[in-house]
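Structure file target_15.cif (mmCIF, C-alpha atoms) is printed below.
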```
data_structure
loop_
_atom_site.group_PDB
_atom_site.id
_atom_site.type_symbol
_atom_site.label_atom_id
_atom_site.label_comp_id
_atom_site.auth_asym_id
_atom_site.auth_seq_id
_atom_site.Cartn_x
_atom_site.Cartn_y
_atom_site.Cartn_z
ATOM 1 C CA MET A 1 -136.737 -191.514 27.727
ATOM 2 C CA ALA A 2 -140.161 -192.739 28.813
ATOM 3 C CA VAL A 3 -140.545 -196.025 30.632
ATOM 4 C CA THR A 4 -143.033 -198.410 29.011
ATOM 5 C CA THR A 5 -145.263 -201.119 30.359
ATOM 6 C CA THR A 6 -147.549 -203.746 28.901
ATOM 7 C CA TYR A 7 -151.083 -202.687 28.045
ATOM 8 C CA GLY A 8 -152.192 -206.280 27.700
ATOM 9 C CA SER A 9 -152.145 -209.039 25.159
ATOM 10 C CA TRP A 10 -153.848 -209.341 21.799
ATOM 11 C CA LEU A 11 -156.061 -211.984 23.428
ATOM 12 C CA LYS A 12 -157.184 -209.588 26.170
ATOM 13 C CA HIS A 13 -158.218 -206.899 23.713
ATOM 14 C CA THR A 14 -159.546 -208.921 20.760
ATOM 15 C CA HIS A 15 -160.492 -212.342 22.158
ATOM 16 C CA GLU A 16 -158.318 -214.011 19.506
ATOM 17 C CA LEU A 17 -155.169 -215.805 20.665
ATOM 18 C CA THR A 18 -152.754 -214.058 18.281
ATOM 19 C CA VAL A 19 -152.744 -211.650 15.351
ATOM 20 C CA GLY A 20 -152.234 -214.690 13.111
ATOM 21 C CA HIS A 21 -155.351 -216.336 14.538
ATOM 22 C CA THR A 22 -157.343 -213.193 13.765
ATOM 23 C CA ILE A 23 -156.087 -213.302 10.171
ATOM 24 C CA ARG A 24 -156.913 -216.997 9.771
ATOM 25 C CA ALA A 25 -160.388 -216.433 11.247
ATOM 26 C CA ALA A 26 -160.980 -213.653 8.703
ATOM 27 C CA VAL A 27 -159.985 -215.712 5.656
ATOM 28 C CA GLY A 28 -161.340 -219.009 6.941
ATOM 29 C CA GLU A 29 -161.169 -221.953 4.591
ATOM 30 C CA PHE A 30 -159.803 -219.708 1.829
ATOM 31 C CA ALA A 31 -156.420 -219.161 3.515
ATOM 32 C CA ALA A 32 -154.598 -220.697 0.540
ATOM 33 C CA ASP A 33 -155.918 -217.855 -1.649
ATOM 34 C CA TYR A 34 -154.032 -215.182 0.296
ATOM 35 C CA ASP A 35 -150.486 -214.073 1.043
ATOM 36 C CA LEU A 36 -150.862 -214.618 4.784
ATOM 37 C CA ASP A 37 -147.436 -213.218 5.727
ATOM 38 C CA ALA A 38 -148.049 -209.970 3.853
ATOM 39 C CA LEU A 39 -151.584 -209.844 5.202
ATOM 40 C CA GLU A 40 -150.375 -210.152 8.796
ATOM 41 C CA ASN A 41 -147.615 -207.585 8.259
ATOM 42 C CA GLY A 42 -150.105 -205.179 6.694
ATOM 43 C CA TYR A 43 -152.572 -205.652 9.521
ATOM 44 C CA ARG A 44 -149.890 -205.133 12.184
ATOM 45 C CA THR A 45 -148.762 -201.967 10.404
ATOM 46 C CA ALA A 46 -152.348 -200.661 10.239
ATOM 47 C CA VAL A 47 -152.966 -201.438 13.932
ATOM 48 C CA ASN A 48 -149.754 -199.679 14.956
ATOM 49 C CA ALA A 49 -150.679 -196.670 12.796
ATOM 50 C CA ALA A 50 -154.082 -196.472 14.515
ATOM 51 C CA LEU A 51 -152.571 -196.472 18.018
ATOM 52 C CA PRO A 52 -151.484 -193.225 19.702
ATOM 53 C CA ASP A 53 -147.842 -192.159 19.624
ATOM 54 C CA GLY A 54 -145.855 -194.202 22.105
ATOM 55 C CA VAL A 55 -148.213 -197.213 22.065
ATOM 56 C CA PHE A 56 -147.149 -200.219 20.010
ATOM 57 C CA LEU A 57 -148.136 -203.761 19.156
ATOM 58 C CA VAL A 58 -144.995 -205.841 19.683
ATOM 59 C CA GLY A 59 -145.499 -209.514 18.902
ATOM 60 C CA ASP A 60 -148.878 -210.180 20.474
ATOM 61 C CA GLU A 61 -148.537 -207.628 23.288
ATOM 62 C CA PHE A 62 -149.413 -203.954 23.432
ATOM 63 C CA HIS A 63 -146.903 -201.649 25.114
ATOM 64 C CA GLY A 64 -147.131 -197.986 26.016
ATOM 65 C CA PRO A 65 -146.077 -195.293 28.482
ATOM 66 C CA TYR A 66 -145.924 -196.305 32.134
ATOM 67 C CA GLN A 67 -146.492 -192.815 33.505
ATOM 68 C CA ASP A 68 -149.762 -191.013 32.759
ATOM 69 C CA GLU A 69 -147.895 -187.771 32.068
ATOM 70 C CA ASP A 70 -146.008 -189.526 29.240
ATOM 71 C CA ALA A 71 -149.265 -190.548 27.552
ATOM 72 C CA ASP A 72 -151.185 -188.294 25.188
ATOM 73 C CA PHE A 73 -154.409 -190.074 24.349
ATOM 74 C CA ASP A 74 -156.487 -187.004 23.440
ATOM 75 C CA GLY A 75 -158.877 -187.925 20.655
ATOM 76 C CA TYR A 76 -158.556 -191.675 21.237
ATOM 77 C CA ALA A 77 -161.249 -193.953 22.645
ATOM 78 C CA LEU A 78 -161.029 -194.546 26.389
ATOM 79 C CA ASP A 79 -162.687 -197.313 28.393
ATOM 80 C CA GLU A 80 -164.929 -196.817 31.434
ATOM 81 C CA ASP A 81 -161.826 -196.578 33.662
ATOM 82 C CA GLY A 82 -160.280 -193.830 31.534
ATOM 83 C CA ARG A 83 -157.664 -196.132 30.029
ATOM 84 C CA LEU A 84 -156.894 -196.371 26.340
ATOM 85 C CA ASP A 85 -159.575 -198.543 24.693
ATOM 86 C CA ILE A 86 -157.373 -200.703 22.505
ATOM 87 C CA LYS A 87 -160.251 -203.019 21.606
ATOM 88 C CA THR A 88 -162.128 -200.122 19.972
ATOM 89 C CA ILE A 89 -159.012 -198.897 18.175
ATOM 90 C CA VAL A 90 -158.261 -202.352 16.757
ATOM 91 C CA ALA A 91 -161.908 -202.788 15.737
ATOM 92 C CA GLY A 92 -161.606 -199.540 13.753
ATOM 93 C CA VAL A 93 -158.874 -201.015 11.525
ATOM 94 C CA ASP A 94 -160.404 -202.314 8.291
ATOM 95 C CA LEU A 95 -159.004 -205.847 8.255
ATOM 96 C CA TYR A 96 -161.091 -206.813 5.239
ATOM 97 C CA ALA A 97 -159.553 -204.092 3.067
ATOM 98 C CA ILE A 98 -156.146 -205.532 3.957
ATOM 99 C CA VAL A 99 -157.428 -209.056 3.250
ATOM 100 C CA GLU A 100 -158.705 -207.945 -0.159
ATOM 101 C CA ALA A 101 -155.371 -206.328 -1.033
ATOM 102 C CA ASN A 102 -153.532 -209.573 -0.302
ATOM 103 C CA GLU A 103 -155.726 -211.923 -2.295
ATOM 104 C CA LEU A 104 -153.826 -214.042 -4.813
ATOM 105 C CA TRP A 105 -155.362 -214.386 -8.267
ATOM 106 C CA THR A 106 -154.779 -217.043 -10.891
ATOM 107 C CA ILE A 107 -154.797 -215.968 -14.529
ATOM 108 C CA ASP A 108 -158.481 -216.960 -14.729
ATOM 109 C CA ARG A 109 -159.357 -214.356 -12.081
ATOM 110 C CA VAL A 110 -157.125 -211.772 -13.789
ATOM 111 C CA VAL A 111 -158.952 -212.408 -17.091
ATOM 112 C CA GLU A 112 -162.264 -211.868 -15.315
ATOM 113 C CA GLU A 113 -161.048 -208.650 -13.646
ATOM 114 C CA LEU A 114 -159.617 -207.185 -16.855
ATOM 115 C CA GLY A 115 -162.633 -208.201 -18.915
ATOM 116 C CA PHE A 116 -160.820 -210.147 -21.628
ATOM 117 C CA LYS A 117 -162.958 -212.540 -23.677
ATOM 118 C CA GLY A 118 -162.406 -215.340 -26.147
ATOM 119 C CA ASP A 119 -159.915 -218.126 -26.749
ATOM 120 C CA SER A 120 -156.860 -215.872 -26.377
ATOM 121 C CA ALA A 121 -158.003 -214.166 -23.155
ATOM 122 C CA LYS A 122 -155.461 -215.892 -20.912
ATOM 123 C CA GLY A 123 -152.563 -215.166 -23.254
ATOM 124 C CA THR A 124 -153.661 -211.549 -23.595
ATOM 125 C CA ALA A 125 -153.894 -211.216 -19.822
ATOM 126 C CA ARG A 126 -150.393 -212.664 -19.351
ATOM 127 C CA LYS A 127 -148.945 -210.296 -21.956
ATOM 128 C CA THR A 128 -150.760 -207.344 -20.407
ATOM 129 C CA LEU A 129 -149.446 -208.170 -16.935
ATOM 130 C CA SER A 130 -145.936 -208.492 -18.322
ATOM 131 C CA ARG A 131 -146.209 -205.172 -20.162
ATOM 132 C CA TRP A 132 -147.476 -203.516 -16.966
ATOM 133 C CA GLY A 133 -144.581 -204.985 -14.962
ATOM 134 C CA VAL A 134 -146.744 -207.162 -12.723
ATOM 135 C CA ASP A 135 -144.709 -210.165 -11.596
ATOM 136 C CA ARG A 136 -146.202 -213.392 -10.383
ATOM 137 C CA HIS A 137 -146.281 -213.826 -6.633
ATOM 138 C CA ASP A 138 -145.892 -217.605 -6.617
ATOM 139 C CA MET A 139 -146.743 -220.816 -8.409
ATOM 140 C CA VAL A 140 -149.228 -223.443 -7.242
ATOM 141 C CA ASP A 141 -150.511 -226.682 -8.713
ATOM 142 C CA HIS A 142 -153.797 -226.471 -10.569
ATOM 143 C CA PRO A 143 -156.425 -228.365 -8.514
ATOM 144 C CA ASP A 144 -157.607 -230.453 -11.477
ATOM 145 C CA SER A 145 -154.661 -230.888 -13.845
ATOM 146 C CA GLY A 146 -151.806 -230.585 -11.335
ATOM 147 C CA ARG A 147 -149.984 -228.275 -13.760
ATOM 148 C CA PRO A 148 -148.229 -225.290 -12.201
ATOM 149 C CA GLN A 149 -150.063 -221.999 -12.428
ATOM 150 C CA ALA A 150 -148.951 -218.493 -11.525
ATOM 151 C CA ARG A 151 -150.716 -216.364 -8.944
ATOM 152 C CA TYR A 152 -150.645 -212.577 -8.823
ATOM 153 C CA LYS A 153 -151.374 -210.200 -5.951
ATOM 154 C CA SER A 154 -154.749 -208.612 -6.597
ATOM 155 C CA ALA A 155 -153.511 -205.236 -5.340
ATOM 156 C CA ASP A 156 -150.657 -205.296 -7.881
ATOM 157 C CA VAL A 157 -153.036 -206.085 -10.746
ATOM 158 C CA LYS A 158 -155.508 -203.380 -9.697
ATOM 159 C CA ALA A 159 -152.776 -200.756 -9.230
ATOM 160 C CA ALA A 160 -151.274 -201.554 -12.630
ATOM 161 C CA GLN A 161 -154.694 -201.399 -14.253
ATOM 162 C CA VAL A 162 -155.324 -197.944 -12.812
ATOM 163 C CA ALA A 163 -151.855 -196.714 -13.834
ATOM 164 C CA ALA A 164 -152.020 -198.190 -17.350
ATOM 165 C CA PRO A 165 -152.116 -195.722 -20.229
ATOM 166 C CA ARG A 166 -155.472 -195.513 -21.921
ATOM 167 C CA PRO A 167 -155.803 -195.846 -25.699
ATOM 168 C CA ARG A 168 -156.350 -192.590 -27.529
ATOM 169 C CA THR A 169 -159.681 -191.992 -29.146
ATOM 170 C CA ARG A 170 -159.998 -190.352 -32.518
ATOM 171 C CA PRO A 171 -161.837 -187.038 -32.696
#
```
Here is a file; write its structure as structure tokens.
Amino acid sequence: MAVTTTYGSWLKHTHELTVGHTIRAAVGEFAADYDLDALENGYRTAVNAALPDGVFLVGDEFHGPYQDEDADFDGYALDEDGRLDIKTIVAGVDLYAIVEANELWTIDRVVEELGFKGDSAKGTARKTLSRWGVDRHDMVDHPDSGRPQARYKSADVKAAQVAAPRPRTRP
């Protein structure tokens, strides 16, 4: 079993205090429009997947092999001292793709995405989501009326739309 050591903090390598701070900086004032827990979990998973075998992000610290002979960093970015360049690896993770996948949409945004028109567009969108098996993520109060409104994960809506059967066309 290899002995591990710290490779430094998230702050050292990214100049953000924590992974959560990086997420909040990315979404800014629109944080309420995202599933922040899922976003952070997805980002942590992507960062860990980008790191070499044996190197991990644990909490807000990077850990990896203590002995050089236990480390196989071939093909990974190295800094000027020949150490693993974690900053470059983290920068290569597409945070904004993860942000986009964790956006929460109200039925109005779903209607827009699916292209429904007319007075029954919202009802049609709700029925379509139900038929596709897309469950609401949560409920929030409407900013104007205060009435509860459902929100759906954008990635779930997009995946269901892609997987949905297409109507047959007549020859």
Result set, the PyMOL selection byres ((chain A and resi 23-28) around 12) on current file, as a ChimeraX atom specification: /A:14-22,29-44,94-100,102-103
Starting from the displayed file, determine the output of the PyMOL selection byres ((chain A and resi 50) around 12) and express the residue list as a tab-separated table (two decimals) with C-alpha atoms, in the frame of the given file.
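New file result11.tsv:
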```tsv
chain	number	residue	atom	x	y	z
A	43	TYR	CA	-152.57	-205.65	9.52
A	44	ARG	CA	-149.89	-205.13	12.18
A	45	THR	CA	-148.76	-201.97	10.40
A	46	ALA	CA	-152.35	-200.66	10.24
A	47	VAL	CA	-152.97	-201.44	13.93
A	48	ASN	CA	-149.75	-199.68	14.96
A	49	ALA	CA	-150.68	-196.67	12.80
A	51	LEU	CA	-152.57	-196.47	18.02
A	52	PRO	CA	-151.48	-193.22	19.70
A	53	ASP	CA	-147.84	-192.16	19.62
A	54	GLY	CA	-145.85	-194.20	22.10
A	55	VAL	CA	-148.21	-197.21	22.06
A	56	PHE	CA	-147.15	-200.22	20.01
A	57	LEU	CA	-148.14	-203.76	19.16
A	73	PHE	CA	-154.41	-190.07	24.35
A	75	GLY	CA	-158.88	-187.92	20.66
A	76	TYR	CA	-158.56	-191.68	21.24
A	77	ALA	CA	-161.25	-193.95	22.64
A	85	ASP	CA	-159.57	-198.54	24.69
A	86	ILE	CA	-157.37	-200.70	22.50
A	87	LYS	CA	-160.25	-203.02	21.61
A	88	THR	CA	-162.13	-200.12	19.97
A	89	ILE	CA	-159.01	-198.90	18.18
A	90	VAL	CA	-158.26	-202.35	16.76
A	91	ALA	CA	-161.91	-202.79	15.74
A	92	GLY	CA	-161.61	-199.54	13.75
A	93	VAL	CA	-158.87	-201.02	11.52
A	94	ASP	CA	-160.40	-202.31	8.29
```
Selection: 12 Å around A:Ser120, all atoms listed in the file, excl. self and same-chain fewer than 6 positions, as a ChimeraX atom specification: /A:108,111,126-127
For the selection just defined, write its residues with C-alpha atoms to a file, as a compact mmCIF listing (two decimals), in the coordinates of the input.
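Done, and the output landed in result08.txt:
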```
# COMPACT_ATOMS: atom_id res chain seq x y z
CA ASP A 108 -158.48 -216.96 -14.73
CA VAL A 111 -158.95 -212.41 -17.09
CA ARG A 126 -150.39 -212.66 -19.35
CA LYS A 127 -148.94 -210.30 -21.96
```
For the file shown, what are the residues hit by the PyMOL selection byres ((chain A and resi 146-162) around 6), laid out as a ChimeraX atom specification? /A:101,103-106,136-145,163-164
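Distance annotation: of A:Gly123, A:Gly8, A:Gly82, A:Pro165, the residue with the minimal separation from A:His63 is A:Gly8; atom set is all atoms listed in the file.
Between atom CA of A:Val58 and atom CA of A:Asp81 there is a distance of 23.8 Å.
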Taking 3 positions as the minimum chain separation for residues in the same chain, which residues sit within 10 Å of A:Lys122 when counting all atoms listed in the file? Answer as a PyMOL selection string. chain A and resi 107-112+116-119+125-128
Please enclose the listed atoms of stretch 23-32 of chain A in an axis-aligned box, pad each side by 8 Å, and write out the centre and the three edge lengths in Å, rounded to one decimal, as AutoDock Vina command-line options.
```
--center_x -158.0 --center_y -217.6 --center_z 5.9 --size_x 22.7 --size_y 24.7 --size_z 26.7
```
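Using all atoms listed in the file, the smallest distance between any of A:Leu84, A:Leu78, A:Leu11, A:Val3 and A:Glu61 comes from A:Leu11.
One distance worth recording is that between atom CA of A:Asp60 and atom CA of A:His13, which is 10.4 Å.
Coordinates place atom CA of A:Pro65 at a distance of 17.4 Å from atom CA of A:Trp10.
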